[in-house]
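What follows is run_20.csv (CSV, C-alpha atoms and all ligand atoms).
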```
chain,number,residue,atom,x,y,z
C,244,MET,CA,96.4,97.6,51.4
C,245,ASP,CA,99.2,98.7,53.7
C,246,GLU,CA,102.5,97.1,52.5
C,247,ARG,CA,103.1,95.5,55.9
C,248,LEU,CA,99.6,94.0,56.0
C,249,ARG,CA,100.1,92.6,52.5
C,250,ARG,CA,103.4,91.0,53.6
C,251,LEU,CA,101.8,89.5,56.7
C,252,LEU,CA,98.4,88.4,55.3
C,253,GLY,CA,99.1,87.9,51.6
C,254,ALA,CA,96.3,88.5,49.1
C,255,SER,CA,92.8,87.2,49.8
C,256,GLY,CA,91.4,84.5,47.5
C,257,PRO,CA,92.8,81.5,45.8
C,258,GLU,CA,96.4,81.6,44.6
C,259,LEU,CA,98.9,79.5,42.7
C,260,THR,CA,101.8,77.7,44.4
C,261,CYS,CA,105.4,78.8,43.8
C,262,ASP,CA,105.9,75.9,41.3
C,263,GLU,CA,102.7,76.7,39.4
C,264,CYS,CA,103.7,80.3,39.4
C,265,PHE,CA,107.1,79.4,37.8
C,266,ALA,CA,105.3,77.2,35.2
C,267,GLU,CA,103.0,80.0,34.1
C,268,LEU,CA,105.4,82.9,34.5
C,269,ASP,CA,106.7,83.2,30.9
C,270,ARG,CA,103.1,83.1,29.4
C,271,TYR,CA,101.8,85.5,32.0
C,272,VAL,CA,104.6,88.0,31.3
C,273,GLU,CA,104.1,87.9,27.5
C,274,LEU,CA,100.4,88.5,28.0
C,275,GLU,CA,101.1,91.5,30.3
C,276,VAL,CA,103.7,93.0,28.0
C,277,SER,CA,101.4,92.7,25.0
C,278,GLY,CA,98.6,94.4,26.9
C,279,THR,CA,96.4,91.4,27.2
C,280,ASP,CA,94.4,90.6,30.3
C,281,ALA,CA,97.0,88.3,31.9
C,282,ASP,CA,95.1,88.0,35.2
C,283,ALA,CA,92.0,86.6,33.4
C,284,ALA,CA,94.2,84.1,31.5
C,285,VAL,CA,96.1,83.0,34.6
C,286,PRO,CA,93.8,83.0,37.7
C,287,GLY,CA,95.5,83.0,41.0
C,288,MET,CA,98.8,84.4,39.6
C,289,ARG,CA,98.3,88.0,40.8
C,290,ALA,CA,97.4,86.9,44.3
C,291,HIS,CA,100.6,84.7,44.5
C,292,LEU,CA,102.8,87.5,43.2
C,293,GLU,CA,101.4,89.8,45.8
C,294,GLY,CA,101.9,87.3,48.6
C,295,CYS,CA,105.3,85.8,47.7
C,296,PRO,CA,108.2,88.2,47.6
C,297,ALA,CA,110.6,85.9,45.8
C,298,CYS,CA,108.2,85.1,43.0
C,299,GLY,CA,107.2,88.8,42.9
C,300,GLU,CA,110.9,89.7,42.3
C,301,GLU,CA,111.4,87.1,39.6
C,302,HIS,CA,108.2,88.3,37.9
C,303,GLU,CA,109.3,91.9,37.9
C,304,SER,CA,112.7,91.0,36.4
C,305,LEU,CA,111.2,88.8,33.6
C,306,ARG,CA,108.7,91.5,32.7
C,307,ALA,CA,111.4,94.2,32.6
C,308,LEU,CA,113.7,91.9,30.5
C,309,VAL,CA,111.0,91.0,28.0
C,310,ALA,CA,109.7,94.6,27.8
C,311,GLY,CA,113.2,95.8,27.1
C,312,ASP,CA,113.6,93.2,24.3
C,313,ASP,CA,110.3,94.3,22.7
C,314,ALA,CA,111.0,98.0,23.0
J,958,MET,CA,105.2,68.6,23.4
J,959,ALA,CA,102.9,70.9,21.5
J,960,PRO,CA,102.5,70.3,17.7
J,961,ALA,CA,105.0,72.0,15.5
J,962,ALA,CA,102.5,74.4,14.1
J,963,SER,CA,101.9,76.1,17.4
J,964,LEU,CA,105.5,77.3,17.8
J,965,ASP,CA,106.5,80.6,16.4
J,966,LEU,CA,109.3,80.4,13.8
J,967,GLU,CA,112.1,81.6,16.1
J,968,SER,CA,111.1,79.1,18.9
J,969,ARG,CA,110.8,76.3,16.3
J,970,ALA,CA,114.3,77.1,15.1
J,971,TRP,CA,115.7,76.9,18.7
J,972,ILE,CA,114.0,73.6,19.3
J,973,ASP,CA,115.1,72.1,16.0
J,974,ALA,CA,118.8,73.2,16.4
J,975,LEU,CA,119.0,72.1,20.1
J,976,GLY,CA,117.5,68.7,19.0
J,977,ASP,CA,120.0,68.4,16.1
J,978,ASP,CA,123.5,66.9,16.6
J,979,GLY,CA,127.0,67.9,15.9
J,980,VAL,CA,128.0,71.4,15.0
J,981,VAL,CA,124.4,72.7,14.6
J,982,ARG,CA,123.6,71.7,18.2
J,983,ASP,CA,126.9,73.0,19.6
J,984,ASP,CA,126.3,76.3,18.0
J,985,ALA,CA,122.7,76.5,19.4
J,986,VAL,CA,123.9,75.5,22.9
J,987,ALA,CA,126.5,78.3,22.7
J,988,ARG,CA,123.9,80.8,21.6
J,989,LEU,CA,121.5,79.6,24.4
J,990,HIS,CA,124.3,80.1,26.9
J,991,ALA,CA,124.9,83.6,25.7
J,992,LEU,CA,121.1,84.4,26.0
J,993,LEU,CA,121.0,83.0,29.5
J,994,LEU,CA,124.1,84.9,30.5
J,995,ARG,CA,122.5,88.1,29.3
J,996,ALA,CA,119.4,87.4,31.5
J,997,ALA,CA,121.6,86.5,34.5
J,998,ARG,CA,123.6,89.7,34.1
J,999,PHE,CA,120.4,91.7,33.8
J,1000,GLU,CA,119.2,90.3,37.2
J,1001,VAL,CA,122.6,90.9,38.8
J,1002,ALA,CA,122.5,94.5,37.6
J,1003,ARG,CA,119.0,95.0,38.9
J,1004,ARG,CA,119.9,93.7,42.4
J,1005,ARG,CA,123.4,95.4,42.5
J,1006,PRO,CA,122.3,98.6,44.4
J,1007,ALA,CA,121.0,96.4,47.2
J,1008,LEU,CA,124.3,94.4,47.4
J,1009,PRO,CA,126.9,97.1,48.1
J,1010,HIS,CA,129.2,94.7,49.9
J,1011,LEU,CA,129.6,92.4,46.8
J,1012,ARG,CA,132.6,93.1,44.5
J,1013,GLY,CA,132.2,93.4,40.8
J,1014,ASN,CA,134.1,90.2,40.0
J,1015,GLU,CA,132.0,88.3,42.6
J,1016,LEU,CA,128.9,89.5,40.8
J,1017,ASP,CA,130.3,88.4,37.4
J,1018,ASP,CA,131.0,85.0,38.8
J,1019,ILE,CA,127.4,84.7,40.2
J,1020,ALA,CA,126.0,85.6,36.7
J,1021,LEU,CA,128.2,83.1,35.0
J,1022,GLU,CA,127.3,80.3,37.5
J,1023,ALA,CA,123.6,81.2,37.1
J,1024,ALA,CA,123.9,80.9,33.3
J,1025,ASP,CA,125.7,77.6,33.6
J,1026,ASP,CA,123.1,76.1,35.9
J,1027,ALA,CA,120.2,77.5,33.9
J,1028,LEU,CA,121.7,76.0,30.7
J,1029,VAL,CA,121.6,72.5,32.4
J,1030,SER,CA,117.9,73.1,33.5
J,1031,VAL,CA,116.8,74.3,30.1
J,1032,LEU,CA,118.4,71.5,28.2
J,1033,ALA,CA,116.9,69.0,30.7
J,1034,ARG,CA,113.5,70.4,30.3
J,1035,LEU,CA,113.3,71.0,26.5
J,1036,GLU,CA,110.4,68.5,26.3
J,1037,ASP,CA,108.4,70.7,28.7
J,1038,PHE,CA,108.5,73.6,26.3
J,1039,GLU,CA,105.0,73.8,24.9
J,1040,GLY,CA,105.3,77.1,22.9
J,1041,ARG,CA,102.9,78.9,25.2
J,1042,SER,CA,105.5,81.8,25.1
J,1043,ARG,CA,108.5,82.5,23.0
J,1044,PHE,CA,111.4,80.1,23.6
J,1045,SER,CA,113.6,83.1,24.7
J,1046,THR,CA,111.1,84.2,27.3
J,1047,TRP,CA,110.8,80.6,28.6
J,1048,ALA,CA,114.6,80.2,28.8
J,1049,TYR,CA,115.1,83.6,30.5
J,1050,LYS,CA,113.0,82.6,33.5
J,1051,PHE,CA,115.4,79.8,34.4
J,1052,ALA,CA,118.4,82.2,34.3
J,1053,LEU,CA,116.6,84.9,36.3
J,1054,LEU,CA,115.6,82.3,38.9
J,1055,GLU,CA,119.1,80.9,39.2
J,1056,ALA,CA,120.6,84.4,39.5
J,1057,ALA,CA,118.0,85.6,42.0
J,1058,VAL,CA,118.4,82.6,44.2
J,1059,LYS,CA,122.2,82.9,44.2
J,1060,LEU,CA,122.1,86.6,45.0
J,1061,ARG,CA,119.6,86.1,47.9
J,1062,LYS,CA,121.7,83.3,49.3
J,1063,ARG,CA,125.0,85.3,48.9
J,1064,SER,CA,123.6,88.4,50.6
J,1065,TRP,CA,122.5,86.3,53.6
J,1066,GLN,CA,125.6,84.2,53.7
J,1067,GLY,CA,127.1,84.2,57.3
J,1068,ARG,CA,124.1,86.2,58.6
J,1069,GLU,CA,122.0,84.9,61.4
J,1070,ILE,CA,118.4,84.2,60.3
J,1071,PRO,CA,116.0,86.0,62.6
J,1072,LEU,CA,113.1,83.6,63.5
J,1073,GLU,CA,111.8,85.8,66.3
J,1074,PRO,CA,110.2,89.2,65.8
J,1075,GLU,CA,113.2,91.6,65.6
J,1076,SER,CA,110.9,94.3,66.7
J,1077,TRP,CA,107.2,94.6,67.2
J,1078,SER,CA,107.5,98.3,66.4
J,1079,LEU,CA,107.4,97.2,62.8
J,1080,LEU,CA,103.8,96.7,63.5
J,1081,ALA,CA,103.2,100.2,64.9
J,1082,ALA,CA,100.3,102.0,63.3
J,1083,ARG,CA,101.1,104.7,60.8
J,1084,GLY,CA,97.7,106.1,59.8
J,1085,SER,CA,97.0,109.0,57.5
J,1086,SER,CA,94.4,110.4,60.0
J,1087,PRO,CA,93.7,109.7,63.7
J,1088,GLU,CA,90.7,107.5,62.8
J,1089,HIS,CA,92.7,105.6,60.3
J,1090,GLU,CA,95.6,105.2,62.7
J,1091,ALA,CA,93.3,103.9,65.5
J,1092,GLU,CA,91.7,101.4,63.0
J,1093,GLN,CA,95.1,100.3,61.9
J,1094,SER,CA,96.5,100.0,65.4
J,1095,GLU,CA,93.6,97.7,66.3
J,1096,LEU,CA,94.2,95.5,63.3
J,1097,LEU,CA,98.0,95.3,63.8
J,1098,GLY,CA,97.5,94.6,67.5
J,1099,SER,CA,95.2,91.7,66.7
J,1100,ILE,CA,97.7,90.4,64.1
J,1101,ARG,CA,100.4,90.4,66.7
J,1102,GLU,CA,98.1,88.6,69.1
J,1103,GLY,CA,97.2,86.1,66.4
J,1104,ILE,CA,100.9,85.4,65.6
J,1105,GLU,CA,101.4,84.6,69.3
J,1106,SER,CA,98.3,82.6,69.9
J,1107,VAL,CA,96.8,80.9,66.9
J,1108,LEU,CA,99.9,79.8,64.9
J,1109,THR,CA,101.8,76.6,65.4
J,1110,PRO,CA,105.5,77.1,66.4
J,1111,HIS,CA,106.6,76.3,62.8
J,1112,GLN,CA,104.0,78.6,61.2
J,1113,ARG,CA,105.0,81.3,63.6
J,1114,ARG,CA,108.8,81.0,62.8
J,1115,VAL,CA,108.1,80.9,59.0
J,1116,LEU,CA,105.7,83.8,59.0
J,1117,VAL,CA,107.8,86.0,61.3
J,1118,ALA,CA,111.0,85.3,59.3
J,1119,ILE,CA,109.5,85.9,55.9
J,1120,ALA,CA,106.7,88.4,56.4
J,1121,LEU,CA,108.0,90.4,59.3
J,1122,ASN,CA,111.8,90.1,59.2
J,1123,GLY,CA,112.2,90.0,55.4
J,1124,VAL,CA,114.2,86.8,55.2
J,1125,PRO,CA,114.0,85.4,51.6
J,1126,ILE,CA,112.0,82.2,51.3
J,1127,ASP,CA,114.8,80.2,49.6
J,1128,VAL,CA,117.4,81.3,52.2
J,1129,LEU,CA,115.0,80.2,55.0
J,1130,ALA,CA,114.3,76.9,53.1
J,1131,GLU,CA,118.0,76.1,53.0
J,1132,ARG,CA,118.6,76.9,56.7
J,1133,LEU,CA,115.6,74.8,57.8
J,1134,GLY,CA,116.3,71.9,55.4
J,1135,SER,CA,113.0,72.5,53.6
J,1136,THR,CA,111.9,73.7,50.2
J,1137,ARG,CA,110.5,77.0,48.8
J,1138,GLY,CA,107.2,75.2,48.0
J,1139,ALA,CA,106.8,73.6,51.4
J,1140,LEU,CA,107.6,76.9,53.2
J,1141,TYR,CA,105.2,78.9,51.1
J,1142,LYS,CA,102.4,76.4,52.0
J,1143,THR,CA,103.3,76.9,55.7
J,1144,LEU,CA,103.2,80.7,55.2
J,1145,HIS,CA,99.9,80.5,53.4
J,1146,ASP,CA,98.3,78.3,56.1
J,1147,GLY,CA,99.5,80.7,58.8
J,1148,ARG,CA,98.1,83.6,56.9
J,1149,GLN,CA,94.7,81.9,56.6
J,1150,LYS,CA,94.7,81.3,60.3
J,1151,LEU,CA,95.5,85.0,61.0
J,1152,ARG,CA,92.8,86.1,58.6
J,1153,ALA,CA,90.3,83.8,60.4
J,1154,HIS,CA,91.5,85.2,63.8
J,1155,LEU,CA,90.9,88.8,62.6
J,1156,ALA,CA,87.5,87.8,61.2
J,1157,SER,CA,86.5,86.2,64.5
J,1158,GLN,CA,87.3,89.6,66.2
J,1159,GLY,CA,85.1,91.4,63.7
J,1160,LEU,CA,88.0,93.1,62.1
J,1161,ALA,CA,87.7,93.8,58.4
J,1162,VAL,CA,90.9,93.2,56.5
J,1163,ASP,CA,89.2,93.5,53.1
J,1164,ARG,CA,88.1,97.0,53.9
J,1165,ALA,CA,91.7,97.9,54.7
J,1166,GLU,CA,92.7,96.2,51.5
J,1167,GLY,CA,90.1,98.0,49.4
J,1168,GLY,CA,90.5,101.4,51.1
J,1169,ASN,CA,94.3,101.6,51.0
J,1170,ARG,CA,95.1,99.8,47.8
J,1171,HIS,CA,96.2,103.0,46.0
J,1172,GLY,CA,97.2,104.9,49.1
K,1201,ZN,ZN,106.2,82.0,45.1
```
Let me see the structure of the file written as structure tokens.
Amino acid sequence: MDERLRRLLGASGPELTCDECFAELDRYVELEVSGTDADAAVPGMRAHLEGCPACGEEHESLRALVAGDDA
Amino acid sequence: MAPAASLDLESRAWIDALGDDGVVRDDAVARLHALLLRAARFEVARRRPALPHLRGNELDDIALEAADDALVSVLARLEDFEGRSRFSTWAYKFALLEAAVKLRKRSWQGREIPLEPESWSLLAARGSSPEHEAEQSELLGSIREGIESVLTPHQRRVLVAIALNGVPIDVLAERLGSTRGALYKTLHDGRQKLRAHLASQGLAVDRAEGGNRHG
């Protein structure tokens, strides 16, 4: 979807809240970095990360930090 | 807390040392602070290109404050650590959050928060073909109309500030005396109304989503 549309409308479908996102973030990132299907394990996470710029930034940072540690 | 067996060795060692007393705990707290400071500096370095007006020592101070605040959060929440990730990953997220929030607030410090559309031209169609542009133009026009007609004043302010003007949600929360969670709920409800408005006009957002996801 167009970046502006995504910012305005968010993702379709159910999504986590910011608090739920923070609670699941460490587990989700480790699954992602290990190549596991993180979206199947944490439903609603991807939709929230696409709809919430602040959580999206924090997710990208944690993933980069953990991936760097593992490299 | 999860049973001991479910923690990996390194995480177990952190929890045991932080739950100890005397010099063992002091040493673990110092190592934890160093780990949090590394994560906070990582975040500051990532955001630095977007913050050209901040001086180096100011950024160092933000990283240190973030690490200090994250240390307090982590120590207060040790009981919540269930071993669903490594302890270091779990601790990192507190430092990244503190640093990200402080950087967003610092970069908006003294700036007026735009609650009205700065420019509807942000919603001008930019299609890859005339047909695509016409389709997009109709969709964006309907979104603008929906923002003006179906949202409550509060939903409109929040959606315009965050989704159109790019105001960070935690900065807006502070200015409005609200919380990130409450504002996201408002944003989400507003988005649902806009989606319903588009659907009532027979406009297919999901086709735009599917068709342009990789484009
Ligand atoms: Zn969020």
Using all atoms listed in the file, what residues lie at most 12 Å away from (106.8, 81.9, 35.0) (file coordinates), given as number ranges by chain?
-> C: 259-274, 285, 288-289, 291-292, 298-306; J: 1041-1042, 1046-1054
Could you please determine the separation between atom CA of J:Ala1002 and atom CA of J:Ala1057 in Å, to one decimal place?
-> 10.9 Å
What are the closest atom pairs, with distances in Å to one decimal, for each residue of chain J lying within 10 Å of ligand ZN 1201 (chain K), using only C-alpha atoms and all ligand atoms, rows by chain and rising residue number, as a Markdown table?
```
| residue | atom | partner | partner_atom | distance |
| --- | --- | --- | --- | --- |
| J:Ile1126 | CA | K:ZN1201 | ZN | 8.5 |
| J:Asp1127 | CA | K:ZN1201 | ZN | 9.9 |
| J:Arg1137 | CA | K:ZN1201 | ZN | 7.6 |
| J:Gly1138 | CA | K:ZN1201 | ZN | 7.5 |
| J:Leu1140 | CA | K:ZN1201 | ZN | 9.7 |
| J:Tyr1141 | CA | K:ZN1201 | ZN | 6.8 |
| J:Lys1142 | CA | K:ZN1201 | ZN | 9.7 |
```
Include C-alpha atoms and write out the residues we just selected as a compact mmCIF listing (two decimals), in the coordinates of the input.
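Result file part_26.txt:
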```
# COMPACT_ATOMS: atom_id res chain seq x y z
CA ILE J 1126 112.00 82.20 51.30
CA ASP J 1127 114.80 80.20 49.60
CA ARG J 1137 110.50 77.00 48.80
CA GLY J 1138 107.20 75.20 48.00
CA LEU J 1140 107.60 76.90 53.20
CA TYR J 1141 105.20 78.90 51.10
CA LYS J 1142 102.40 76.40 52.00
```
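When atom CA of J:Ala996 is paired with atom CA of C:Leu308, their separation reads 7.3 Å.
Distance annotation: of J:Val1124, J:Ala1153, J:Leu1060, J:Ile972, the residue with the minimal separation from J:Glu1039 is J:Ile972; atom set is only C-alpha atoms.
Between J:Gly1098 and the residues J:Val981, J:Leu1021, J:Leu1080, J:Leu989, the shortest atom-to-atom distance, using all atoms listed in the file, involves J:Leu1080.
Our summary of the geometry notes that atom CA of J:Glu1095 is positioned 22.5 Å from atom CA of J:Leu1144.
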Test item: residues at most 8 Å from stretch 1108-1113 of chain J, all atoms listed in the file, excluding those fewer than 6 positions along its chain, as a PyMOL selection string = chain J and resi 1143-1144+1146-1147+1150-1151
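Minimum atom-to-atom distances from J:Glu1000, J:Glu1073, J:Glu1015, J:Glu1092 to J:Leu1160 were compared using all atoms listed in the file, and the lowest value belongs to J:Glu1092.
Of the residues under consideration (C:Ala283, C:Val276, C:Val309, C:Ala297), C:Ala297 shows the shortest atom-to-atom contact distance to C:Arg250 when counting only C-alpha atoms.
Compared by their closest atoms to J:Ile1070, and using all atoms listed in the file, the residues J:Ala974, J:Leu1016, J:Val1115, J:Leu992 rank with J:Val1115 nearest.
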Test item: residues at most 8 Å from J:Leu1121, all atoms listed in the file, excluding those fewer than 6 positions along its chain, as a PyMOL selection string | (chain C and resi 247+250-251) or (chain J and resi 1074+1079)
Skip J:Asp1025 itself and residues of its chain fewer than 3 positions away, then list as a ChimeraX atom specification all residues within 10 Å of it, counting all atoms listed in the file.
-> /J:990-991,993-994,997,1019-1022,1028-1030,1052,1055
From the block I gave, I'd like stretch 1073-1110 of chain J written with N, CA and C atoms, as a tab-separated table (two decimals), in the first residue's frame.
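Below is the file that was written, part13.tsv:
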```tsv
chain	number	residue	atom	x	y	z
J	1073	GLU	N	-3.84	20.81	12.89
J	1073	GLU	CA	-4.65	20.99	11.68
J	1073	GLU	C	-3.80	20.54	10.50
J	1074	PRO	N	-4.45	20.12	9.43
J	1074	PRO	CA	-3.67	19.69	8.26
J	1074	PRO	C	-2.73	20.81	7.82
J	1075	GLU	N	-1.42	20.53	7.77
J	1075	GLU	CA	-0.46	21.57	7.35
J	1075	GLU	C	-0.67	21.85	5.88
J	1076	SER	N	-0.99	20.80	5.16
J	1076	SER	CA	-1.25	20.98	3.74
J	1076	SER	C	-1.94	19.74	3.20
J	1077	TRP	N	-3.08	19.98	2.56
J	1077	TRP	CA	-3.77	18.84	1.97
J	1077	TRP	C	-3.03	18.33	0.75
J	1078	SER	N	-2.04	19.09	0.31
J	1078	SER	CA	-1.29	18.63	-0.87
J	1078	SER	C	-0.53	17.34	-0.55
J	1079	LEU	N	-0.37	17.06	0.77
J	1079	LEU	CA	0.23	15.78	1.14
J	1079	LEU	C	-0.62	14.63	0.63
J	1080	LEU	N	-1.89	14.95	0.40
J	1080	LEU	CA	-2.80	13.91	-0.08
J	1080	LEU	C	-3.01	13.97	-1.60
J	1081	ALA	N	-2.11	14.65	-2.31
J	1081	ALA	CA	-2.22	14.68	-3.77
J	1081	ALA	C	-1.85	13.32	-4.34
J	1082	ALA	N	-2.54	12.92	-5.38
J	1082	ALA	CA	-2.28	11.61	-5.98
J	1082	ALA	C	-0.93	11.61	-6.70
J	1083	ARG	N	-0.25	10.48	-6.58
J	1083	ARG	CA	1.04	10.32	-7.27
J	1083	ARG	C	1.05	8.94	-7.90
J	1084	GLY	N	0.24	8.75	-8.91
J	1084	GLY	CA	0.10	7.42	-9.48
J	1084	GLY	C	1.21	7.07	-10.46
J	1085	SER	N	1.39	5.78	-10.67
J	1085	SER	CA	2.41	5.34	-11.61
J	1085	SER	C	1.87	5.37	-13.04
J	1086	SER	N	0.54	5.47	-13.18
J	1086	SER	CA	-0.07	5.55	-14.51
J	1086	SER	C	-1.29	6.43	-14.37
J	1087	PRO	N	-1.84	6.96	-15.49
J	1087	PRO	CA	-3.03	7.81	-15.38
J	1087	PRO	C	-4.19	7.11	-14.68
J	1088	GLU	N	-4.39	5.82	-14.96
J	1088	GLU	CA	-5.52	5.10	-14.33
J	1088	GLU	C	-5.27	4.98	-12.83
J	1089	HIS	N	-4.04	4.63	-12.50
J	1089	HIS	CA	-3.69	4.47	-11.09
J	1089	HIS	C	-3.82	5.80	-10.36
J	1090	GLU	N	-3.39	6.86	-11.03
J	1090	GLU	CA	-3.46	8.18	-10.41
J	1090	GLU	C	-4.91	8.60	-10.17
J	1091	ALA	N	-5.76	8.31	-11.12
J	1091	ALA	CA	-7.19	8.67	-10.98
J	1091	ALA	C	-7.81	7.89	-9.82
J	1092	GLU	N	-7.46	6.61	-9.73
J	1092	GLU	CA	-7.98	5.75	-8.67
J	1092	GLU	C	-7.51	6.26	-7.30
J	1093	GLN	N	-6.22	6.62	-7.26
J	1093	GLN	CA	-5.64	7.09	-6.01
J	1093	GLN	C	-6.24	8.44	-5.61
J	1094	SER	N	-6.44	9.26	-6.60
J	1094	SER	CA	-6.98	10.59	-6.37
J	1094	SER	C	-8.38	10.49	-5.75
J	1095	GLU	N	-9.17	9.56	-6.24
J	1095	GLU	CA	-10.52	9.36	-5.72
J	1095	GLU	C	-10.46	8.89	-4.26
J	1096	LEU	N	-9.55	7.95	-4.01
J	1096	LEU	CA	-9.40	7.39	-2.67
J	1096	LEU	C	-8.94	8.48	-1.69
J	1097	LEU	N	-7.93	9.23	-2.08
J	1097	LEU	CA	-7.38	10.26	-1.19
J	1097	LEU	C	-8.40	11.39	-0.97
J	1098	GLY	N	-9.16	11.71	-2.02
J	1098	GLY	CA	-10.20	12.73	-1.88
J	1098	GLY	C	-11.25	12.29	-0.88
J	1099	SER	N	-11.60	11.02	-0.95
J	1099	SER	CA	-12.60	10.49	-0.04
J	1099	SER	C	-12.07	10.42	1.40
J	1100	ILE	N	-10.78	10.16	1.54
J	1100	ILE	CA	-10.18	10.15	2.88
J	1100	ILE	C	-10.24	11.55	3.48
J	1101	ARG	N	-9.90	12.54	2.66
J	1101	ARG	CA	-9.95	13.93	3.13
J	1101	ARG	C	-11.37	14.30	3.56
J	1102	GLU	N	-12.32	13.92	2.74
J	1102	GLU	CA	-13.72	14.19	3.05
J	1102	GLU	C	-14.12	13.48	4.35
J	1103	GLY	N	-13.65	12.24	4.51
J	1103	GLY	CA	-13.96	11.48	5.72
J	1103	GLY	C	-13.35	12.12	6.96
J	1104	ILE	N	-12.11	12.61	6.83
J	1104	ILE	CA	-11.45	13.28	7.96
J	1104	ILE	C	-12.29	14.47	8.40
J	1105	GLU	N	-12.86	15.19	7.43
J	1105	GLU	CA	-13.62	16.39	7.76
J	1105	GLU	C	-15.05	16.09	8.22
J	1106	SER	N	-15.60	14.94	7.80
J	1106	SER	CA	-17.02	14.73	8.09
J	1106	SER	C	-17.36	13.62	9.08
J	1107	VAL	N	-16.59	12.54	9.14
J	1107	VAL	CA	-17.04	11.43	9.99
J	1107	VAL	C	-16.29	11.30	11.33
J	1108	LEU	N	-15.17	12.00	11.47
J	1108	LEU	CA	-14.42	11.87	12.73
J	1108	LEU	C	-14.91	12.86	13.77
J	1109	THR	N	-14.77	12.49	15.06
J	1109	THR	CA	-15.04	13.45	16.13
J	1109	THR	C	-13.88	14.47	16.11
J	1110	PRO	N	-14.07	15.65	16.72
J	1110	PRO	CA	-12.97	16.63	16.73
J	1110	PRO	C	-11.68	16.04	17.31
```
